[in-house]
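Novice: Structure: input.cif, mmCIF, C-alpha atoms.
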data_input
#
loop_
_atom_site.label_atom_id
_atom_site.label_comp_id
_atom_site.auth_asym_id
_atom_site.auth_seq_id
_atom_site.Cartn_x
_atom_site.Cartn_y
_atom_site.Cartn_z
CA LEU A 1 115.87 -71.11 112.37
CA ALA A 2 118.41 -72.97 110.21
CA ILE A 3 117.68 -76.57 109.22
CA CYS A 4 120.36 -78.87 107.84
CA PHE A 5 120.13 -82.64 107.25
CA MET A 6 123.16 -84.64 106.21
CA HIS A 7 122.00 -85.74 102.76
CA SER A 8 119.52 -82.96 101.97
CA TYR A 9 121.69 -81.80 99.05
CA THR A 10 120.27 -84.76 97.13
CA TYR A 11 117.04 -85.47 99.09
CA ALA A 12 115.41 -82.32 100.45
CA GLU A 13 112.00 -83.63 101.47
CA HIS A 14 112.89 -84.16 105.15
CA GLU A 15 114.14 -80.59 105.55
CA ILE A 16 111.01 -79.30 103.82
CA ALA A 17 108.82 -81.34 106.21
CA VAL A 18 110.59 -79.94 109.27
CA GLY A 19 110.21 -76.41 107.89
CA LYS A 20 106.46 -76.96 107.46
CA ILE A 21 106.18 -78.24 111.02
CA ALA A 22 107.95 -75.13 112.31
CA HIS A 23 105.39 -72.97 110.47
CA GLU A 24 102.47 -75.04 111.75
CA ILE A 25 103.50 -74.79 115.40
CA GLY A 26 103.68 -71.02 115.11
CA PHE A 27 107.33 -70.13 114.37
CA LYS A 28 107.20 -66.65 112.85
CA GLY A 29 110.87 -65.97 112.14
CA GLN A 30 113.15 -66.72 109.20
CA ILE A 31 113.42 -70.41 108.31
CA SER A 32 116.43 -71.30 106.15
CA LEU A 33 116.71 -74.79 104.68
CA SER A 34 120.23 -75.78 103.67
CA SER A 35 118.84 -77.60 100.63
CA GLN A 36 117.39 -74.31 99.36
CA VAL A 37 120.21 -72.01 100.47
CA MET A 38 123.09 -74.02 98.97
CA PRO A 39 122.50 -77.71 98.09
CA MET A 40 126.14 -78.80 98.18
CA VAL A 41 127.92 -81.81 99.74
CA LYS A 42 130.02 -80.91 102.89
CA MET A 43 127.37 -80.83 105.62
CA VAL A 44 129.26 -78.56 108.05
CA SER A 45 129.87 -75.80 105.49
CA ARG A 46 126.29 -76.12 104.27
CA ALA A 47 125.01 -75.80 107.85
CA HIS A 48 127.18 -72.72 108.44
CA THR A 49 125.82 -71.15 105.26
CA ALA A 50 122.24 -71.91 106.30
CA CYS A 51 122.90 -70.30 109.71
CA ALA A 52 124.36 -67.21 108.04
CA ALA A 53 121.32 -67.00 105.77
CA ALA A 54 118.93 -67.40 108.72
CA TYR A 55 120.74 -64.64 110.62
CA LEU A 56 121.25 -62.15 107.79
CA THR A 57 118.20 -62.61 105.57
CA PRO A 58 115.74 -60.97 108.04
CA LYS A 59 117.94 -57.86 107.97
CA ILE A 60 117.88 -57.88 104.17
CA THR A 61 114.13 -58.47 104.15
CA SER A 62 113.53 -55.62 106.59
CA TYR A 63 115.60 -53.28 104.44
CA LEU A 64 113.79 -54.36 101.27
CA GLU A 65 110.39 -53.79 102.86
CA GLY A 66 111.39 -50.28 103.86
CA PHE A 67 112.81 -49.62 100.41
CA LEU A 68 109.76 -50.93 98.57
CA ALA A 69 107.43 -48.93 100.82
CA GLY A 70 108.74 -45.74 99.26
CA PHE A 71 107.48 -46.69 95.79
CA ASP A 72 104.20 -47.63 94.21
CA ASP A 73 103.32 -51.23 93.36
CA GLY A 74 105.33 -51.18 90.14
CA LEU A 75 108.37 -52.63 91.89
CA ARG A 76 106.44 -55.44 93.58
CA SER A 77 104.62 -56.41 90.40
CA ASN A 78 107.88 -56.64 88.44
CA ARG A 79 106.75 -54.02 85.92
CA VAL A 80 109.94 -52.25 86.94
CA PRO A 81 112.83 -54.71 87.55
CA LEU A 82 114.57 -54.33 90.91
CA THR A 83 117.90 -56.11 91.27
CA PHE A 84 120.68 -56.21 93.86
CA ILE A 85 124.33 -57.04 93.37
CA GLN A 86 125.58 -60.25 94.96
CA SER A 87 128.99 -61.24 96.29
CA ASP A 88 129.74 -62.90 92.94
CA GLY A 89 129.49 -59.55 91.12
CA GLY A 90 126.18 -60.34 89.38
CA LEU A 91 122.73 -58.84 89.74
CA SER A 92 119.88 -60.85 91.25
CA PRO A 93 116.13 -60.14 91.48
CA TYR A 94 115.26 -58.89 94.95
CA GLN A 95 112.98 -61.90 95.56
CA LYS A 96 116.02 -64.23 95.36
CA PHE A 97 118.44 -62.00 97.24
CA GLY A 98 119.41 -63.68 100.54
CA GLY A 99 121.75 -62.73 103.35
CA HIS A 100 124.46 -65.21 102.35
CA HIS A 101 124.60 -63.56 98.90
CA ALA A 102 125.22 -60.10 100.38
CA ILE A 103 128.36 -60.59 102.48
CA LEU A 104 130.71 -59.03 99.90
CA SER A 105 128.13 -57.32 97.70
CA GLY A 106 129.55 -53.83 98.29
CA PRO A 107 133.18 -54.66 97.41
CA ALA A 108 131.91 -56.75 94.49
CA GLY A 109 130.51 -53.59 92.90
CA GLY A 110 133.98 -52.06 93.10
CA VAL A 111 135.52 -55.06 91.35
CA VAL A 112 133.06 -54.72 88.48
CA GLY A 113 133.73 -50.97 88.40
CA TYR A 114 137.50 -51.13 88.00
CA ALA A 115 137.33 -54.23 85.77
CA LYS A 116 135.18 -52.35 83.26
CA THR A 117 136.98 -49.00 83.42
CA THR A 118 140.72 -49.70 83.80
CA PRO A 119 142.31 -49.43 80.32
CA SER A 120 145.20 -51.91 80.81
CA LEU A 121 145.25 -55.49 82.08
CA PRO A 122 146.10 -57.28 84.30
CA VAL A 123 144.99 -55.04 87.14
CA ILE A 124 144.94 -55.12 90.93
CA GLY A 125 141.95 -53.43 92.57
CA PHE A 126 142.82 -51.47 95.71
CA ASP A 127 139.70 -50.28 97.56
CA MET A 128 140.64 -48.42 100.74
CA GLY A 129 137.81 -47.10 102.85
CA GLY A 130 137.40 -46.00 106.43
CA THR A 131 137.77 -49.26 108.36
CA SER A 132 139.20 -51.79 105.91
CA THR A 133 140.85 -52.31 102.54
CA ASP A 134 139.64 -54.78 99.89
CA VAL A 135 142.00 -56.03 97.20
CA SER A 136 141.31 -58.23 94.17
CA ARG A 137 142.71 -59.11 90.75
CA TYR A 138 141.25 -58.95 87.25
CA ALA A 139 142.97 -60.25 84.11
CA GLY A 140 140.10 -60.49 81.65
CA ARG A 141 137.74 -62.61 83.72
CA TYR A 142 136.41 -62.49 87.26
CA GLU A 143 138.14 -64.78 89.74
CA HIS A 144 135.62 -66.61 91.95
CA VAL A 145 135.83 -68.83 94.99
CA LEU A 146 133.04 -71.21 95.98
CA GLU A 147 133.80 -71.42 99.69
CA THR A 148 135.23 -68.79 102.01
CA VAL A 149 135.67 -68.25 105.75
CA THR A 150 134.24 -64.97 107.01
CA ALA A 151 134.58 -64.13 110.73
CA GLY A 152 135.30 -67.80 111.40
CA ILE A 153 132.16 -68.98 109.56
CA SER A 154 132.52 -71.12 106.44
CA ILE A 155 130.22 -69.81 103.70
CA GLN A 156 129.37 -71.95 100.66
CA ALA A 157 128.38 -69.44 98.00
CA PRO A 158 130.02 -68.10 94.85
CA GLN A 159 132.02 -64.99 95.71
CA LEU A 160 134.57 -62.87 93.95
CA ASP A 161 138.07 -63.57 95.27
CA ILE A 162 138.36 -60.46 97.43
CA GLN A 163 140.81 -60.27 100.30
CA THR A 164 140.21 -57.84 103.15
CA VAL A 165 142.64 -56.36 105.64
CA ALA A 166 141.73 -54.26 108.68
CA ALA A 167 143.51 -51.09 107.56
CA GLY A 168 141.69 -47.99 106.44
CA GLY A 169 141.50 -44.27 106.95
CA GLY A 170 139.93 -44.76 110.37
CA SER A 171 142.38 -47.41 111.62
CA ARG A 172 143.73 -46.29 114.96
CA LEU A 173 147.40 -45.58 115.71
CA PHE A 174 149.10 -47.18 118.73
CA PHE A 175 152.55 -47.52 120.22
CA GLN A 176 152.89 -51.00 121.76
CA ASN A 177 156.01 -52.77 123.03
CA GLY A 178 158.25 -50.26 121.30
CA MET A 179 156.51 -50.72 117.93
CA LEU A 180 154.25 -48.62 115.76
CA VAL A 181 150.91 -50.43 115.42
CA VAL A 182 148.03 -49.60 113.06
CA GLY A 183 144.58 -51.10 113.76
CA PRO A 184 142.72 -53.35 113.65
CA GLU A 185 140.57 -51.14 115.88
CA SER A 186 138.86 -48.31 114.03
CA ALA A 187 137.87 -44.81 115.08
CA GLY A 188 134.74 -45.19 112.96
CA ALA A 189 132.75 -42.27 111.62
CA HIS A 190 131.70 -41.22 115.13
CA PRO A 191 133.75 -39.92 116.84
CA GLY A 192 136.21 -40.58 114.00
CA PRO A 193 139.82 -39.36 113.69
CA VAL A 194 140.99 -36.39 115.73
CA CYS A 195 140.80 -34.05 112.73
CA TYR A 196 137.01 -34.60 112.57
CA ARG A 197 136.64 -32.18 115.52
CA LYS A 198 134.35 -34.48 117.52
CA ALA A 199 134.61 -35.22 121.22
CA GLY A 200 136.48 -38.46 121.84
CA GLY A 201 138.22 -38.44 118.46
CA MET A 202 141.05 -40.97 118.19
CA LEU A 203 144.37 -40.86 116.33
CA ALA A 204 143.97 -42.65 113.02
CA VAL A 205 145.61 -43.07 109.62
CA THR A 206 143.66 -40.05 108.39
CA ASP A 207 145.39 -37.94 111.03
CA ALA A 208 148.82 -39.12 109.85
CA ASN A 209 147.89 -38.11 106.29
CA ALA A 210 146.68 -34.75 107.56
CA VAL A 211 149.94 -34.11 109.46
CA LEU A 212 151.96 -34.80 106.29
CA GLY A 213 149.87 -32.40 104.22
CA ARG A 214 148.16 -35.07 102.15
CA LEU A 215 144.73 -33.78 103.13
CA LEU A 216 143.90 -30.19 102.21
CA PRO A 217 141.14 -28.78 104.45
CA GLN A 218 140.18 -26.16 101.88
CA GLU A 219 139.29 -28.92 99.41
CA PHE A 220 136.84 -30.58 101.81
CA PRO A 221 133.29 -29.43 102.58
CA LYS A 222 132.71 -27.98 106.03
CA ILE A 223 130.89 -30.98 107.51
CA PHE A 224 133.00 -31.68 110.58
CA GLY A 225 132.61 -30.85 114.28
CA GLU A 226 129.66 -31.46 116.58
CA SER A 227 127.43 -29.22 114.45
CA GLU A 228 128.89 -30.60 111.21
CA ASN A 229 129.67 -27.14 109.85
CA GLU A 230 133.43 -26.82 110.35
CA PRO A 231 136.51 -27.72 108.26
CA LEU A 232 139.04 -30.46 108.99
CA ASN A 233 141.26 -29.61 111.95
CA VAL A 234 144.84 -30.43 110.95
CA GLU A 235 146.27 -28.67 114.02
CA ALA A 236 144.35 -31.02 116.32
CA SER A 237 145.92 -33.99 114.50
CA LYS A 238 149.39 -32.51 114.99
CA GLU A 239 148.77 -31.86 118.69
CA ALA A 240 147.49 -35.39 119.33
CA LEU A 241 150.34 -37.02 117.43
CA GLU A 242 152.85 -34.76 119.17
CA ALA A 243 151.52 -35.91 122.55
CA LEU A 244 152.01 -39.52 121.50
CA ARG A 245 155.51 -38.73 120.24
CA LEU A 246 156.58 -37.08 123.48
CA GLU A 247 155.24 -39.96 125.55
CA HIS A 248 156.52 -42.93 123.56
CA ALA A 249 158.70 -41.94 120.58
CA SER A 250 160.67 -38.78 121.33
CA ASN A 251 163.52 -40.01 119.10
CA TYR A 252 161.27 -39.39 116.07
CA THR A 253 160.28 -36.05 114.62
CA LEU A 254 156.56 -35.47 114.23
CA GLU A 255 156.72 -36.01 110.47
CA GLU A 256 158.85 -39.16 110.83
CA LEU A 257 156.33 -40.62 113.25
CA ALA A 258 153.40 -39.89 110.92
CA TYR A 259 155.27 -41.34 107.95
CA GLY A 260 156.23 -44.41 109.99
CA TYR A 261 152.59 -45.13 110.75
CA LEU A 262 151.72 -44.81 107.06
CA LYS A 263 154.49 -47.25 106.14
CA VAL A 264 153.10 -49.78 108.66
CA ALA A 265 149.60 -49.37 107.20
CA ASN A 266 150.91 -49.69 103.64
CA GLU A 267 152.76 -52.90 104.43
CA ALA A 268 149.61 -54.41 105.95
CA MET A 269 147.77 -53.59 102.71
CA CYS A 270 150.58 -54.93 100.51
CA ARG A 271 150.36 -58.45 101.98
CA PRO A 272 147.00 -59.46 100.47
CA ILE A 273 148.08 -58.05 97.10
CA ARG A 274 151.17 -60.28 97.19
CA ASN A 275 148.91 -63.21 98.10
CA LEU A 276 146.82 -62.60 94.97
CA THR A 277 149.83 -62.27 92.66
CA GLN A 278 153.22 -63.57 93.73
CA MET A 279 151.80 -66.43 95.82
CA LYS A 280 149.90 -67.59 92.72
CA GLY A 281 152.82 -67.25 90.34
CA PHE A 282 151.88 -63.90 88.74
CA ASP A 283 154.44 -61.16 88.12
CA ILE A 284 153.21 -58.24 90.18
CA THR A 285 155.29 -55.71 88.24
CA THR A 286 153.20 -56.26 85.09
CA HIS A 287 149.98 -55.21 86.83
CA THR A 288 148.26 -51.84 87.00
CA LEU A 289 147.16 -50.66 90.47
CA ALA A 290 143.58 -49.37 90.26
CA CYS A 291 142.94 -47.27 93.36
CA PHE A 292 139.50 -46.22 94.57
CA GLY A 293 137.56 -45.78 97.77
CA GLY A 294 137.67 -42.73 99.99
CA ALA A 295 141.30 -43.19 101.07
CA GLY A 296 142.82 -45.24 98.21
CA PRO A 297 144.47 -42.46 96.16
CA GLN A 298 146.26 -41.08 99.25
CA HIS A 299 148.29 -44.29 99.43
CA ALA A 300 148.45 -45.16 95.72
CA CYS A 301 152.01 -44.13 94.88
CA SER A 302 153.52 -45.47 98.10
CA MET A 303 151.78 -48.80 97.58
CA ALA A 304 152.90 -49.06 93.96
CA GLN A 305 156.48 -48.25 94.91
CA ALA A 306 156.53 -50.84 97.68
CA LEU A 307 155.14 -53.49 95.32
CA GLY A 308 157.38 -52.63 92.37
CA MET A 309 154.45 -51.54 90.20
CA SER A 310 154.95 -48.76 87.65
CA ARG A 311 151.33 -47.88 86.73
CA VAL A 312 148.60 -46.43 88.93
CA TYR A 313 145.08 -45.76 87.64
CA ILE A 314 142.61 -43.57 89.55
CA HIS A 315 139.16 -43.32 88.01
CA LYS A 316 137.37 -39.98 88.06
CA TYR A 317 134.55 -41.68 89.99
CA GLY A 318 137.00 -43.35 92.38
CA GLY A 319 135.15 -42.19 95.48
CA VAL A 320 131.94 -43.94 94.38
CA LEU A 321 133.33 -46.62 92.07
CA SER A 322 131.50 -49.46 93.85
CA ALA A 323 128.18 -47.77 93.13
CA TYR A 324 129.30 -46.96 89.59
CA GLY A 325 130.29 -50.60 89.06
CA LEU A 326 126.90 -51.77 90.28
CA SER A 327 125.30 -49.87 87.42
CA MET A 328 127.46 -51.83 84.94
CA ALA A 329 127.05 -55.31 86.44
CA ASP A 330 125.35 -58.11 84.52
CA ALA A 331 122.36 -60.13 85.64
CA VAL A 332 123.30 -63.69 86.68
CA SER A 333 121.46 -66.90 87.41
CA ASP A 334 123.00 -69.76 89.37
CA ILE A 335 122.24 -73.19 87.92
CA GLN A 336 123.30 -76.26 89.87
#
Would you mind writing the file out in structure tokens?

Specialist:
Amino acid sequence: LAICFMHSYTYAEHEIAVGKIAHEIGFKGQISLSSQVMPMVKMVSRAHTACAAAYLTPKITSYLEGFLAGFDDGLRSNRVPLTFIQSDGGLSPYQKFGGHHAILSGPAGGVVGYAKTTPSLPVIGFDMGGTSTDVSRYAGRYEHVLETVTAGISIQAPQLDIQTVAAGGGSRLFFQNGMLVVGPESAGAHPGPVCYRKAGGMLAVTDANAVLGRLLPQEFPKIFGESENEPLNVEASKEALEALRLEHASNYTLEELAYGYLKVANEAMCRPIRNLTQMKGFDITTHTLACFGGAGPQHACSMAQALGMSRVYIHKYGGVLSAYGLSMADAVSDIQ
């Protein structure tokens, strides 16, 4: 239940009274008051934020209860501090951690990670995972926005300025209207790309990288296939892409087709980086490209070349940099 009154940002008593009535008549679910979630002007955005909090907070609460159940009472009694990272890149006590604070909490850890480990500034963070890519900029201080639109919902909450594009290692490959198309649909982890050896596997960016020799099966653990005990199957990727080539793009060689799909994916990921730099008056060529995430380094040099950047930085913990950044984040307290 989300409750929002027009002027509750300055006079919250009416919302509080309605919340008490809901409790008294037996409502057992989450009750989010806009005056408590985000007491800002702009009623519509405040109402959207309260709705997001009402929808997401029970999921967070359920996770926290399961997490806390695995420990003794030290966590609940605050003898041992338990904090979670928020979308603004700061740590918050678990008692104050709500759903509207968690929307970009994962990518926010990556921003803190590359901001604290990249040796030269300014820097563009390039976090490419399985289904999407998150990009951001750091030039000595974190860049925040106070209102964003996520999945069509306006959220009023401090967030790091992170732009997301639906292109990742699992983004599917299509041939539509004579054009190479990448995503936004994703093969996911199950069944995943064709090279994962699972029934129903779909051609994805990872397969294109495998065809071009950018993925070395011998360097990966044998965790693929239905029994999760087999290596990557590069030959399956080649066969699936060859079938697509023969049906739709016989004027390409197999390698040209794979490279073409990677160029389409790279261009999709370049756009938000240009929005963060050139569209704001910054010279993109002076930036370092900090690549992390499971798929980031595979595209690092191509991305830098397309953007005119001369420096690429890949941290030794690049595959888990968001988690590493979480360990270096500072505690924050919002005062309004």

Novice: Could you check which of A:Ala323, A:Ile335, A:Leu146, A:Thr131 is closest to Phe84 in chain A, using all atoms listed in the file?

Specialist: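 Among the listed residues, A:Ala323 lies closest to Phe84 in chain A.
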
Novice: For the point (147.9, -47.4, 107.1) in file coordinates, what residues are within 8 Å, counting only C-alpha atoms? Give the answer as a PyMOL selection string?

Specialist: chain A and resi 167-169+171+182+205+261-269

Novice: Expand the PyMOL selection byres ((chain A and resi 151-162) around 7) into the explicit residue set it covers here, and present it as number ranges by chain.

Specialist: A: 38, 45-46, 48-49, 87-89, 108, 134-136, 142-150, 163-164

Novice: From the set A:Leu33, A:Cys195, A:Ala166, A:Val111, which residue has the shortest atom-to-atom contact distance to Ser132 in chain A, counting only C-alpha atoms?

Specialist: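 Smallest distance to Ser132 in chain A is found for A:Ala166.
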
Novice: Would you mind listing what lies within 10 Å of Phe224 in chain A as a PDB file with C-alpha atoms, keeping the file's coordinate frame, with all atoms listed in the file counted and same-chain residues fewer than 3 positions away left out?

Specialist:
ATOM      1  CA  CYS A 195     140.800 -34.050 112.730  1.00  0.00           C
ATOM      2  CA  TYR A 196     137.010 -34.600 112.570  1.00  0.00           C
ATOM      3  CA  ARG A 197     136.640 -32.180 115.520  1.00  0.00           C
ATOM      4  CA  LYS A 198     134.350 -34.480 117.520  1.00  0.00           C
ATOM      5  CA  PHE A 220     136.840 -30.580 101.810  1.00  0.00           C
ATOM      6  CA  PRO A 221     133.290 -29.430 102.580  1.00  0.00           C
ATOM      7  CA  SER A 227     127.430 -29.220 114.450  1.00  0.00           C
ATOM      8  CA  GLU A 228     128.890 -30.600 111.210  1.00  0.00           C
ATOM      9  CA  ASN A 229     129.670 -27.140 109.850  1.00  0.00           C
ATOM     10  CA  GLU A 230     133.430 -26.820 110.350  1.00  0.00           C
ATOM     11  CA  PRO A 231     136.510 -27.720 108.260  1.00  0.00           C
ATOM     12  CA  LEU A 232     139.040 -30.460 108.990  1.00  0.00           C
ATOM     13  CA  ASN A 233     141.260 -29.610 111.950  1.00  0.00           C
TER      14      ASN A 233
END

Novice: Which residue, A:Arg137, A:Gly99, A:Met128, A:Phe175, has the smallest gap to Gly296 in chain A when you use all atoms listed in the file?

Specialist: A:Met128

Novice: Could you give me the centre and size, in Å to one decimal, of an axis-aligned box around all listed atoms of range 143-148 of chain A with 5 Å added on every side, as AutoDock Vina command-line options?

Specialist:
--center_x 135.6 --center_y -68.1 --center_z 95.9 --size_x 15.1 --size_y 16.6 --size_z 22.3

Novice: Find, counting all atoms listed in the file, the residue in A:Ala187, A:His299, A:Thr286, A:Leu173 that gets nearest to Leu257 in chain A.

Specialist: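 Selected residue with least distance to Leu257 in chain A: A:Leu173.
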
Novice: Select, from A:Ala249, A:Leu244, A:Ile124, A:Ala17, the residue with the minimum atom-to-atom distance to Ala304 in chain A, counting all atoms listed in the file.

Specialist: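 Looking at the shortest contact to Ala304 in chain A, the residue is A:Ile124.
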